[in-house]
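A.B. asks: Just one file: final_31.tsv, with TSV, C-alpha atoms and all ligand atoms.
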chain	number	residue	atom	x	y	z
D	158	MET	CA	0.00	0.00	0.00
D	159	ASP	CA	3.04	2.29	0.03
D	160	PHE	CA	2.50	3.19	-3.60
D	161	LEU	CA	-1.01	4.34	-2.73
D	162	GLU	CA	0.24	6.49	0.16
D	163	ASN	CA	2.72	8.09	-2.24
D	164	ARG	CA	0.04	8.80	-4.78
D	165	MET	CA	-2.17	10.36	-2.09
D	166	LYS	CA	0.69	12.58	-0.94
D	167	ARG	CA	1.49	13.68	-4.48
D	168	ARG	CA	-2.18	14.18	-5.36
D	169	GLN	CA	-1.89	11.58	-8.10
D	170	LEU	CA	-4.91	9.47	-7.25
D	171	SER	CA	-7.11	8.00	-9.96
D	172	HIS	CA	-10.71	9.16	-10.12
D	173	ALA	CA	-12.38	5.87	-9.39
D	174	TYR	CA	-11.49	3.00	-7.11
D	175	LEU	CA	-13.11	-0.27	-6.24
D	176	VAL	CA	-12.20	-1.04	-2.63
D	177	VAL	CA	-12.60	-4.62	-1.46
D	178	GLY	CA	-11.53	-6.65	1.60
D	179	GLU	CA	-12.19	-6.68	5.31
D	180	ASN	CA	-10.84	-3.16	5.96
D	181	ARG	CA	-12.40	-1.51	2.92
D	182	LYS	CA	-14.27	1.14	4.93
D	183	ALA	CA	-11.14	2.41	6.67
D	184	LEU	CA	-9.23	2.61	3.39
D	185	ALA	CA	-12.13	4.35	1.64
D	186	ASP	CA	-12.29	6.94	4.45
D	187	ARG	CA	-8.59	7.62	4.02
D	188	LEU	CA	-8.93	8.04	0.24
D	189	ALA	CA	-11.93	10.33	0.64
D	190	ALA	CA	-9.99	12.50	3.11
D	191	ALA	CA	-7.02	12.62	0.73
D	192	TRP	CA	-9.26	13.92	-2.06
D	193	VAL	CA	-10.69	16.76	0.04
D	194	CYS	CA	-7.47	17.56	1.94
D	195	THR	CA	-6.02	21.01	1.38
D	196	GLY	CA	-2.87	20.40	3.47
D	197	PRO	CA	0.64	19.78	2.18
D	198	GLU	CA	0.60	15.95	2.24
D	199	PRO	CA	-2.89	14.47	1.85
D	200	PRO	CA	-4.46	13.24	3.97
D	201	CYS	CA	-2.65	15.58	6.39
D	202	GLY	CA	-5.15	15.00	9.21
D	203	HIS	CA	-5.03	18.65	10.33
D	204	CYS	CA	-6.64	20.83	7.67
D	205	SER	CA	-10.32	21.67	7.84
D	206	GLY	CA	-10.99	19.23	4.98
D	207	CYS	CA	-9.42	16.30	6.84
D	208	ARG	CA	-11.13	17.24	10.10
D	209	LYS	CA	-14.55	17.47	8.48
D	210	ALA	CA	-13.93	14.19	6.67
D	211	ALA	CA	-13.06	12.50	9.97
D	212	LEU	CA	-16.27	13.84	11.55
D	213	GLY	CA	-18.33	12.71	8.57
D	214	ILE	CA	-19.56	16.25	7.88
D	215	HIS	CA	-17.62	17.23	4.76
D	216	PRO	CA	-20.07	18.66	2.20
D	217	ASP	CA	-17.98	17.34	-0.70
D	218	ILE	CA	-17.96	13.73	0.50
D	219	ILE	CA	-21.28	12.31	-0.54
D	220	ARG	CA	-22.42	8.96	0.82
D	221	ALA	CA	-24.58	8.03	-2.13
D	222	ASP	CA	-26.32	5.07	-0.55
D	223	PRO	CA	-26.15	5.42	3.24
D	224	GLU	CA	-28.93	2.90	3.83
D	225	GLY	CA	-27.20	0.26	1.70
D	226	GLU	CA	-30.39	-0.47	-0.23
D	227	GLY	CA	-29.08	0.07	-3.75
D	228	LEU	CA	-29.70	3.30	-5.66
D	229	LYS	CA	-32.96	3.72	-7.56
D	230	ALA	CA	-32.92	5.10	-11.10
D	231	ASP	CA	-33.95	8.63	-10.01
D	232	GLN	CA	-31.25	8.64	-7.31
D	233	VAL	CA	-28.62	7.77	-9.89
D	234	ARG	CA	-29.88	10.60	-12.11
D	235	ALA	CA	-29.75	13.00	-9.14
D	236	LEU	CA	-26.19	11.91	-8.42
D	237	ARG	CA	-25.21	12.57	-12.03
D	238	ALA	CA	-26.76	16.05	-11.94
D	239	ASP	CA	-25.02	16.77	-8.63
D	240	ALA	CA	-21.66	15.73	-10.05
D	241	TYR	CA	-21.82	18.63	-12.51
D	242	ILE	CA	-22.14	21.16	-9.67
D	243	ARG	CA	-18.68	22.25	-8.59
D	244	PRO	CA	-17.36	21.19	-5.14
D	245	ASN	CA	-18.36	23.42	-2.20
D	246	GLU	CA	-14.94	23.88	-0.70
D	247	ALA	CA	-12.62	20.98	-1.54
D	248	PRO	CA	-10.55	20.46	-4.68
D	249	ASN	CA	-12.64	17.36	-5.41
D	250	LYS	CA	-16.10	16.00	-4.90
D	251	VAL	CA	-16.22	12.41	-3.67
D	252	TYR	CA	-19.04	9.93	-4.15
D	253	VAL	CA	-18.94	6.87	-1.91
D	254	LEU	CA	-21.04	3.82	-2.74
D	255	GLU	CA	-20.69	1.44	0.16
D	256	HIS	CA	-22.46	-1.36	-1.64
D	257	GLY	CA	-21.41	-0.95	-5.24
D	258	GLU	CA	-22.77	-4.39	-6.08
D	259	LEU	CA	-26.34	-3.25	-5.23
D	260	LEU	CA	-26.41	-0.89	-8.21
D	261	ASN	CA	-28.40	-2.33	-11.08
D	262	PRO	CA	-26.76	-2.54	-14.53
D	263	THR	CA	-28.48	0.66	-15.75
D	264	GLY	CA	-27.22	2.58	-12.73
D	265	GLN	CA	-23.74	1.15	-13.17
D	266	ASN	CA	-23.71	2.24	-16.81
D	267	VAL	CA	-24.77	5.79	-15.92
D	268	LEU	CA	-21.95	5.98	-13.37
D	269	LEU	CA	-19.51	4.43	-15.80
D	270	LYS	CA	-20.26	7.19	-18.29
D	271	LEU	CA	-19.88	9.76	-15.52
D	272	ILE	CA	-16.46	8.36	-14.55
D	273	GLU	CA	-15.34	8.47	-18.17
D	274	GLU	CA	-16.81	11.75	-19.32
D	275	GLY	CA	-17.76	13.65	-16.17
D	276	PRO	CA	-15.92	16.58	-14.58
D	277	ALA	CA	-12.33	15.94	-13.50
D	278	TYR	CA	-13.04	16.87	-9.88
D	279	ALA	CA	-15.61	14.07	-9.45
D	280	CYS	CA	-14.17	11.02	-7.68
D	281	PHE	CA	-15.80	7.66	-7.05
D	282	LEU	CA	-15.32	4.98	-4.43
D	283	PHE	CA	-17.13	1.72	-4.95
D	284	LEU	CA	-16.95	-0.53	-1.91
D	285	SER	CA	-18.01	-4.11	-2.05
D	286	PRO	CA	-17.61	-7.40	-0.26
D	287	ASN	CA	-18.47	-9.10	-3.57
D	288	PRO	CA	-16.68	-7.18	-6.33
D	289	GLU	CA	-17.46	-9.87	-8.90
D	290	LEU	CA	-21.10	-8.71	-8.79
D	291	LEU	CA	-20.13	-5.38	-10.32
D	292	LEU	CA	-20.28	-5.01	-14.09
D	293	PRO	CA	-16.97	-5.97	-15.70
D	294	THR	CA	-16.91	-2.54	-17.37
D	295	ILE	CA	-16.98	-0.79	-13.98
D	296	ARG	CA	-14.33	-3.12	-12.63
D	297	SER	CA	-12.09	-2.51	-15.61
D	298	ARG	CA	-12.51	1.27	-15.30
D	299	CYS	CA	-11.73	1.33	-11.56
D	300	GLU	CA	-8.45	0.51	-9.94
D	301	THR	CA	-9.09	-2.29	-7.45
D	302	LEU	CA	-7.64	-1.87	-3.98
D	303	ARG	CA	-7.62	-4.79	-1.57
D	304	ALA	CA	-7.81	-3.71	2.06
D	305	GLU	CA	-7.16	-6.84	4.01
D	306	GLY	CA	-7.41	-7.05	7.77
D	307	GLU	CA	-4.14	-7.14	9.70
D	308	GLU	CA	-4.47	-10.84	10.57
D	309	THR	CA	-5.24	-11.91	7.02
D	310	ALA	CA	-2.40	-9.79	5.65
D	311	ALA	CA	0.09	-11.32	8.11
D	312	ALA	CA	-1.11	-14.85	7.36
D	313	SER	CA	-0.79	-14.14	3.66
D	314	ARG	CA	2.82	-12.88	4.00
D	315	GLU	CA	3.84	-15.77	6.23
D	316	GLY	CA	1.99	-18.31	4.11
D	317	GLU	CA	4.00	-17.14	1.12
D	318	GLN	CA	7.24	-17.52	3.08
D	319	LEU	CA	6.30	-20.96	4.41
D	320	THR	CA	5.36	-22.09	0.90
D	321	GLN	CA	8.74	-20.96	-0.41
D	322	TRP	CA	10.51	-22.96	2.27
D	323	ILE	CA	8.48	-26.06	1.54
D	324	VAL	CA	8.95	-25.74	-2.23
D	325	SER	CA	12.70	-25.19	-1.96
D	326	GLY	CA	13.29	-27.72	0.82
D	327	ALA	CA	14.74	-25.17	3.23
D	328	ALA	CA	17.35	-26.10	5.83
D	329	PRO	CA	16.02	-26.47	9.42
D	330	LEU	CA	18.23	-23.63	10.69
D	331	GLU	CA	16.70	-21.23	8.20
D	332	THR	CA	13.16	-21.87	9.40
D	333	LEU	CA	13.85	-22.12	13.13
D	334	PRO	CA	13.17	-18.45	14.07
D	335	PHE	CA	9.88	-18.63	12.20
D	336	LEU	CA	8.84	-21.86	13.92
D	337	LEU	CA	9.69	-20.39	17.31
D	338	SER	CA	7.60	-17.30	16.51
D	339	LEU	CA	4.59	-19.56	15.92
D	340	GLU	CA	4.52	-20.38	19.62
D	341	LYS	CA	3.39	-16.81	20.29
D	342	LYS	CA	0.43	-17.10	17.94
D	343	ASP	CA	-2.97	-18.41	18.86
D	344	ARG	CA	-4.53	-21.45	17.18
D	345	GLN	CA	-6.79	-19.26	15.05
D	346	GLU	CA	-3.78	-17.46	13.54
D	347	ILE	CA	-1.97	-20.73	12.90
D	348	ALA	CA	-5.10	-22.11	11.21
D	349	LEU	CA	-5.20	-19.06	8.92
D	350	LEU	CA	-1.51	-19.49	8.10
D	351	LEU	CA	-2.02	-23.15	7.22
D	352	GLU	CA	-5.01	-22.31	5.02
D	353	GLU	CA	-2.94	-19.72	3.13
D	354	THR	CA	-0.06	-22.15	2.71
D	355	THR	CA	-2.29	-25.01	1.59
D	356	ALA	CA	-4.01	-22.78	-0.98
D	357	ARG	CA	-0.63	-21.75	-2.41
D	358	LEU	CA	0.70	-25.31	-2.49
D	359	THR	CA	-2.48	-26.58	-4.13
D	360	ALA	CA	-2.11	-23.96	-6.87
D	361	LEU	CA	1.39	-25.32	-7.56
D	362	LEU	CA	0.29	-28.96	-7.83
D	363	PRO	CA	-0.05	-29.05	-11.63
D	364	ARG	CA	3.68	-28.25	-11.87
D	365	ARG	CA	4.80	-29.92	-8.66
D	366	PRO	CA	2.65	-33.02	-8.02
D	367	ASP	CA	5.14	-34.10	-5.35
D	368	LEU	CA	3.77	-31.31	-3.10
D	369	LEU	CA	0.56	-33.27	-2.67
D	370	ALA	CA	2.25	-35.28	0.09
D	371	VAL	CA	2.94	-32.04	2.01
D	372	VAL	CA	-0.64	-30.83	1.52
D	373	ASP	CA	-1.83	-34.16	2.95
D	374	ARG	CA	0.46	-33.83	5.95
D	375	LEU	CA	-0.67	-30.24	6.65
D	376	ALA	CA	-4.39	-31.14	6.60
D	377	PRO	CA	-4.50	-32.91	10.01
D	378	ILE	CA	-2.53	-30.03	11.58
D	379	ARG	CA	-5.11	-27.56	10.29
D	380	ALA	CA	-7.86	-29.82	11.67
D	381	ALA	CA	-6.09	-30.03	15.04
D	382	CYS	CA	-6.23	-26.21	15.33
D	383	GLU	CA	-9.91	-26.64	16.22
D	384	PHE	CA	-8.97	-28.49	19.40
D	385	ASN	CA	-7.24	-27.49	22.55
D	386	ILE	CA	-3.68	-28.08	21.36
D	387	SER	CA	-0.88	-25.71	22.33
D	388	SER	CA	0.74	-23.45	19.71
D	389	GLY	CA	4.12	-24.97	20.60
D	390	HIS	CA	2.83	-28.43	19.79
D	391	LEU	CA	1.40	-27.21	16.47
D	392	ALA	CA	4.72	-25.50	15.63
D	393	GLY	CA	6.60	-28.73	16.28
D	394	TRP	CA	4.19	-30.60	14.08
D	395	ILE	CA	4.67	-28.08	11.24
D	396	ALA	CA	8.45	-28.43	11.67
D	397	ALA	CA	8.10	-32.15	10.99
D	398	VAL	CA	6.44	-31.39	7.64
D	399	LEU	CA	9.15	-28.98	6.45
X	401	ZN	ZN	-5.71	17.62	5.22
Could you quickly redo this structure as structure tokens?

C.D. replies:
Amino acid sequence: MDFLENRMKRRQLSHAYLVVGENRKALADRLAAAWVCTGPEPPCGHCSGCRKAALGIHPDIIRADPEGEGLKADQVRALRADAYIRPNEAPNKVYVLEHGELLNPTGQNVLLKLIEEGPAYACFLFLSPNPELLLPTIRSRCETLRAEGEETAAASREGEQLTQWIVSGAAPLETLPFLLSLEKKDRQEIALLLEETTARLTALLPRRPDLLAVVDRLAPIRAACEFNISSGHLAGWIAAVL
């Protein structure tokens, strides 16, 4: 996400984003603040734009569907008309659709046209837990940002590392610090890590059928995470698979 922070700071954001993942609301709030920020490095957190954004009272941040019921045709038309009225005080005007997938195809097409041909100050944030329900045209026109929760992000990073070790047949000394660190995790976190790793290994099976044996040996460890087994025991078990 560093690249995104840089683009916010340099005021080089795109005009439409699709924000998905567990933490999508927090990321969308940050983007909206960056668009209305008038400070030196958006979102600066101090200017009146940032403060109003944080309080949810900025007149140029428009929550288009606060009830999450999906916009009706006349609401979409009203939004389009509103987009042609210049921002009240910010450099941009931001439209947030918390449930982008609830827009019907007609509504999505109206917004698509607005993104493509509307005023340059109009910015759009489509949030969705199910981005695949959005029209492909909208998805292709928006940059997709994945805002994963901290736990999922950590499991994903560590799952990638663990997969690399398994695939390359890492030496025990190389993996020892990692295995020791597992003892500080709870069973839920270890379960998530094993799921990530198994998914990655399974994707590699067409090229590396030999990894199936490892997948099979990880499965009972994942299952054991449901029971009252200590993290240290689970870590030792994973060590035996490496
Ligand atoms: Zn600011």

A.B. asks: Select from chain D every residue with an atom at most 8 Å from any atom of ligand ZN 401 (chain X), then for each give the shortest pair of atoms and their distance in Å to one decimal, using all atoms listed in the file, rows by chain and rising number, as a tab-separated table.

C.D. replies:
residue	atom	partner	partner_atom	distance
D:Ala190	CA	X:ZN401	ZN	7.0
D:Ala191	CA	X:ZN401	ZN	6.8
D:Val193	CA	X:ZN401	ZN	7.2
D:Cys194	CA	X:ZN401	ZN	3.7
D:Thr195	CA	X:ZN401	ZN	5.1
D:Gly196	CA	X:ZN401	ZN	4.3
D:Pro197	CA	X:ZN401	ZN	7.4
D:Glu198	CA	X:ZN401	ZN	7.2
D:Pro199	CA	X:ZN401	ZN	5.4
D:Pro200	CA	X:ZN401	ZN	4.7
D:Cys201	CA	X:ZN401	ZN	3.9
D:Gly202	CA	X:ZN401	ZN	4.8
D:His203	CA	X:ZN401	ZN	5.3
D:Cys204	CA	X:ZN401	ZN	4.1
D:Ser205	CA	X:ZN401	ZN	6.7
D:Gly206	CA	X:ZN401	ZN	5.5
D:Cys207	CA	X:ZN401	ZN	4.3
D:Arg208	CA	X:ZN401	ZN	7.3

A.B. asks: What is the distance between atom CA of D:Gly213 and atom CA of D:Phe283, in Å to one decimal?

C.D. replies: 17.5 Å

A.B. asks: Using only C-alpha atoms, which residue out of D:His172, D:Glu353, D:Ala376, D:Tyr278 lies closest to D:Arg243?

C.D. replies: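 Closest candidate: D:Tyr278.
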
A.B. asks: Could you tell me which of D:Gly264, D:Leu361, D:Asp343, D:Ala173 comes closest to D:Asn385 if we count all atoms listed in the file?

C.D. replies: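 Going through D:Gly264, D:Leu361, D:Asp343, D:Ala173 one by one, the smallest distance to D:Asn385 is for D:Asp343.
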
A.B. asks: For a quick check of understanding, using all atoms listed in the file, which of D:Ala277, D:Ile386, D:Ala230, D:Arg379 has the smallest distance to D:Ile242?

C.D. replies: D:Ala277

A.B. asks: What is the distance between atom CA of D:Lys166 and atom CA of D:Pro216, in Å to one decimal?

C.D. replies: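 So the answer is 21.9 Å.
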
A.B. asks: For stretch 286-296 of chain D, list every protein, DNA or RNA residue within 12 Å, evaluated using only C-alpha atoms, and leave out those in the same chain fewer than 5 positions away; present the list as a PyMOL selection string.

C.D. replies: chain D and resi 173-182+254-273+281+301-305

A.B. asks: Which residue is closest to D:Thr309? Choose from D:Ala327, D:Cys280, D:Ile347, D:Ala380 and count all atoms listed in the file.

C.D. replies: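 Selected residue with least distance to D:Thr309: D:Ile347.
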
A.B. asks: Add whatever atoms are absent from stretch 261-272 of chain D to reach N, CA and C atoms, and provide the output as a CSV table (one decimal), in the frame of the given file.

C.D. replies:
chain,number,residue,atom,x,y,z
D,261,ASN,N,-28.0,-1.5,-10.0
D,261,ASN,CA,-28.4,-2.3,-11.1
D,261,ASN,C,-27.6,-1.9,-12.3
D,262,PRO,N,-27.6,-2.8,-13.4
D,262,PRO,CA,-26.8,-2.5,-14.5
D,262,PRO,C,-27.0,-1.2,-15.1
D,263,THR,N,-28.2,-0.7,-15.2
D,263,THR,CA,-28.5,0.7,-15.8
D,263,THR,C,-27.8,1.7,-14.9
D,264,GLY,N,-27.9,1.6,-13.6
D,264,GLY,CA,-27.2,2.6,-12.7
D,264,GLY,C,-25.7,2.5,-12.9
D,265,GLN,N,-25.2,1.3,-13.0
D,265,GLN,CA,-23.7,1.2,-13.2
D,265,GLN,C,-23.3,1.8,-14.5
D,266,ASN,N,-24.1,1.7,-15.5
D,266,ASN,CA,-23.7,2.2,-16.8
D,266,ASN,C,-23.7,3.8,-16.8
D,267,VAL,N,-24.7,4.3,-16.1
D,267,VAL,CA,-24.8,5.8,-15.9
D,267,VAL,C,-23.5,6.3,-15.2
D,268,LEU,N,-23.1,5.6,-14.1
D,268,LEU,CA,-22.0,6.0,-13.4
D,268,LEU,C,-20.7,5.8,-14.2
D,269,LEU,N,-20.7,4.7,-15.0
D,269,LEU,CA,-19.5,4.4,-15.8
D,269,LEU,C,-19.3,5.6,-16.8
D,270,LYS,N,-20.4,6.1,-17.4
D,270,LYS,CA,-20.3,7.2,-18.3
D,270,LYS,C,-19.8,8.4,-17.6
D,271,LEU,N,-20.3,8.6,-16.3
D,271,LEU,CA,-19.9,9.8,-15.5
D,271,LEU,C,-18.4,9.7,-15.2
D,272,ILE,N,-17.9,8.5,-14.9
D,272,ILE,CA,-16.5,8.4,-14.6
D,272,ILE,C,-15.6,8.7,-15.8
